[in-house]
Structure formats: C-alpha cells, structure tokens
Amino acid sequence: MIAPARPGELAADQKISADQKILELACDHLRRFGPRRTTIVGIAEAARMSHANVYRYFPSKEALFETVTSLWLKPLEEELQVIVQGQDPAYDKLERALTALQHAYRDKRDNDPILFRLLCDAIEQGGGIARKHRNKVQTAIQAIVEEGIGSGAFRMQDRRRAMSLIFDLAHRFIQPVSIALDKAVSAGEMEFRAGRVIGVIQRSLTYGDPDFDM
C-alpha cells in the first residue's frame, strides 16, 4: 500500500499494482467530488477496468474508504510506536505522544479536509477503522503509563484512573471530531491551551492528584 496521492500525482507507471491504482484514484475522486459523489463505477472507469474488478480488491465503497483512511493514519500510528519505544522518560513520552496526535489531526483537517472527514464520519458511525485506530492510540498511551508507573516516575498507581485522566482532560485536543469543531480557533491558541492541559496531566501523574488517586 502507498500513501494517498494528492490531485495530479497519480502514477503513470504501468507497473503499479491494481489495488494501488484504485486507491490513488479513490483519493483523487474523494478530494474532487466528496464521499457521496465518489462511486465504484466512477473509479473503475478512471482505472479502465470493470467495477467488478474493483470489488475483487475492495468489497464495498465503505471498505475502500476505510483503507484510504487507514493509509493516512498509518504514519501517525508508527510515530506513536517510535515514541513508546524511545529512551525518553515517560513524562516526556506522554507529552510527545499527545502533541503528535493533535498535530497530525489538525494538519490533516487543514490540508486534506475530505480525507479527515472520513475519519470523523467513521468515529461518529462507530466504523471499524475508527475502532482500530482508537485501540492503537490507547495501547500506545497505556504503554507509556505502564512505563511511568513501573519506573516510579508516576505516583498515580491506578492505571485505569490514569488513563481516564489523560483521555478526559486531553479529549478536546486529541479527538478528531472535537478538533473538527475547533477549526475557527487559531493554531497558536490551541497550542497554548493544549500545552496547559498536557502540563496538568503530567503533574497529576507525576505528583499524584487527590481527586483521582487518593
């Protein structure tokens, strides 16, 4: 699989695999026409193949859209794994992970809004790709929490409450649907607010928070 192409970047190389070609065309059609007007028939015509051949690779339009979404989420998920496996203290890893999430979502919202909307729609509809991505994010954050507790860096010993604290306080800055609603707020303002919230989370985990841990 390859990353979704921008308009005008469709590969001319005839050696490109059929599924890659379908995905590139799907991204192009989505950006040009939107999800409702993007059809399997239209993609098949652009790919010069039958729509039945498209269904050989993607059993439905929804499955095709999920694959498109998974492709742009993959680099973010890989970045989270790099952070988790790094040598930084858990305190710093948590800040890097939360910052990576908000930056990736906001960049996609601002620079590729149609594909970002696919993720938001999947979240609101309980789609499989949304659940898989959420699980990967939660697993990464939990690994950092476990490391912090295990090393003694975090005094908050209740893992469930620690995870709740992180996701409750950071929700506005790391949840794609919330980020979509905050488009009118400047990037500088959101950076400032997110920084304050991350600081509260770090201090609560490091020193203990009586409202969550006592």
# chains A, B, ... in the order shown; residues from 1 in each chain; ligands from 1

$ residues_around --residues "Leu64 of chain A" --least-positions-apart "5" --cutoff "10 Å" --atoms "only C-alpha atoms" --output "compact mmCIF listing (two decimals) with N, CA and C atoms, in the first residue's frame"
# COMPACT_ATOMS: atom_id res chain seq x y z
N ASP A 19 -4.55 -2.60 -6.97
CA ASP A 19 -5.12 -2.02 -5.75
C ASP A 19 -4.54 -0.65 -5.45
N ILE A 22 -6.29 1.78 -7.75
CA ILE A 22 -7.65 2.04 -7.27
C ILE A 22 -7.62 3.02 -6.10
N LEU A 23 -6.67 2.81 -5.17
CA LEU A 23 -6.58 3.69 -4.00
C LEU A 23 -6.21 5.12 -4.40
N ALA A 26 -9.23 6.62 -5.92
CA ALA A 26 -10.24 6.87 -4.90
C ALA A 26 -9.93 8.16 -4.15
N CYS A 27 -8.66 8.36 -3.78
CA CYS A 27 -8.27 9.59 -3.10
C CYS A 27 -8.51 10.81 -3.98
N ILE A 40 -17.86 3.58 -7.00
CA ILE A 40 -17.03 2.49 -7.50
C ILE A 40 -17.02 2.50 -9.02
N VAL A 54 -12.87 -3.92 -9.42
CA VAL A 54 -12.63 -3.11 -8.21
C VAL A 54 -13.11 -3.87 -6.98
N TYR A 55 -14.28 -4.51 -7.10
CA TYR A 55 -14.84 -5.26 -5.97
C TYR A 55 -13.99 -6.47 -5.60
N TYR A 57 -10.90 -6.30 -5.07
CA TYR A 57 -9.93 -5.78 -4.10
C TYR A 57 -10.62 -5.14 -2.90
N PHE A 58 -11.74 -4.51 -3.13
CA PHE A 58 -12.47 -3.82 -2.06
C PHE A 58 -13.94 -4.20 -2.18
N PRO A 59 -14.48 -4.95 -1.25
CA PRO A 59 -15.84 -5.50 -1.38
C PRO A 59 -16.96 -4.47 -1.35
N THR A 69 -8.53 5.72 4.61
CA THR A 69 -8.33 6.34 5.92
C THR A 69 -7.16 5.69 6.66
N SER A 70 -7.09 4.37 6.58
CA SER A 70 -6.01 3.66 7.29
C SER A 70 -4.64 4.06 6.76

$ residues_around --residues "Glu147 of chain A" --least-positions-apart "5" --cutoff "9 Å" --atoms "only C-alpha atoms" --output "PDB file with all heavy atoms, in the first residue's frame"
ATOM      1  N   PRO A  89      12.195   9.723  29.119  1.00  0.00           N
ATOM      2  CA  PRO A  89      11.383   9.401  30.299  1.00  0.00           C
ATOM      3  C   PRO A  89       9.894   9.381  29.932  1.00  0.00           C
ATOM      4  O   PRO A  89       9.464  10.050  28.983  1.00  0.00           O
ATOM      5  CB  PRO A  89      11.694  10.543  31.267  1.00  0.00           C
ATOM      6  CG  PRO A  89      12.975  11.138  30.780  1.00  0.00           C
ATOM      7  CD  PRO A  89      12.973  10.961  29.295  1.00  0.00           C
ATOM      8  N   ALA A  90       9.114   8.623  30.670  1.00  0.00           N
ATOM      9  CA  ALA A  90       7.685   8.506  30.395  1.00  0.00           C
ATOM     10  C   ALA A  90       6.995   9.877  30.401  1.00  0.00           C
ATOM     11  O   ALA A  90       6.068  10.121  29.613  1.00  0.00           O
ATOM     12  CB  ALA A  90       7.034   7.590  31.429  1.00  0.00           C
ATOM     13  N   GLN A 142      -1.257   3.715  26.968  1.00  0.00           N
ATOM     14  CA  GLN A 142      -1.203   2.817  28.121  1.00  0.00           C
ATOM     15  C   GLN A 142       0.211   2.305  28.354  1.00  0.00           C
ATOM     16  O   GLN A 142       0.648   2.168  29.507  1.00  0.00           O
ATOM     17  CB  GLN A 142      -2.157   1.642  27.919  1.00  0.00           C
ATOM     18  CG  GLN A 142      -2.201   0.700  29.124  1.00  0.00           C
ATOM     19  CD  GLN A 142      -3.290  -0.339  29.013  1.00  0.00           C
ATOM     20  OE1 GLN A 142      -4.228  -0.198  28.236  1.00  0.00           O
ATOM     21  NE2 GLN A 142      -3.171  -1.406  29.781  1.00  0.00           N
ATOM     22  N   GLY A 152       8.502   4.311  38.565  1.00  0.00           N
ATOM     23  CA  GLY A 152       8.335   5.193  39.710  1.00  0.00           C
ATOM     24  C   GLY A 152       8.213   6.656  39.334  1.00  0.00           C
ATOM     25  O   GLY A 152       8.105   7.527  40.205  1.00  0.00           O
ATOM     26  N   ALA A 153       8.203   6.941  38.016  1.00  0.00           N
ATOM     27  CA  ALA A 153       8.098   8.333  37.565  1.00  0.00           C
ATOM     28  C   ALA A 153       6.701   8.884  37.831  1.00  0.00           C
ATOM     29  O   ALA A 153       6.539  10.090  38.043  1.00  0.00           O
ATOM     30  CB  ALA A 153       8.426   8.431  36.078  1.00  0.00           C
ATOM     31  N   PHE A 154       5.688   8.017  37.793  1.00  0.00           N
ATOM     32  CA  PHE A 154       4.312   8.441  38.056  1.00  0.00           C
ATOM     33  C   PHE A 154       3.877   7.907  39.419  1.00  0.00           C
ATOM     34  O   PHE A 154       3.926   6.693  39.663  1.00  0.00           O
ATOM     35  CB  PHE A 154       3.362   7.897  36.987  1.00  0.00           C
ATOM     36  CG  PHE A 154       3.595   8.439  35.593  1.00  0.00           C
ATOM     37  CD1 PHE A 154       3.082   7.770  34.489  1.00  0.00           C
ATOM     38  CD2 PHE A 154       4.312   9.615  35.387  1.00  0.00           C
ATOM     39  CE1 PHE A 154       3.279   8.263  33.205  1.00  0.00           C
ATOM     40  CE2 PHE A 154       4.525  10.115  34.117  1.00  0.00           C
ATOM     41  CZ  PHE A 154       4.008   9.428  33.012  1.00  0.00           C
TER      42      PHE A 154
END

$ atom_distance --atom1 "atom CA of Ile174 of chain A" --atom2 "atom CA of Gln102 of chain A"
5.0 Å

$ residues_around --residues "Ala170 of chain A" --least-positions-apart "4" --cutoff "12 Å" --atoms "only C-alpha atoms" --output "list in words"
Leu94, Glu95, Ala97, Leu98, Thr99, Leu101, Gln102, Ile141, Met163, Ser164, Leu165, Ile166, Ile174, Gln175, Pro176, Ser178, Ile179, Met190, Arg193, Ala194, Gly195, Arg196, Val197, Ile198, Gly199, Val200, Ile201 and Gln202 of chain A

$ select_by_dssp --residues "segment 30-177 of chain A" --states "alpha helix (DSSP H)" --output "PyMOL selection string"
chain A and resi 30-33+40-47+51-57+61-85+90-111+113-125+128-151+159-174+176-177

$ closest_residue --among "A:Ser50, A:Ser60, A:Ser17, A:Gln87" --to "Ile144 of chain A" --atoms "only C-alpha atoms"
A:Gln87
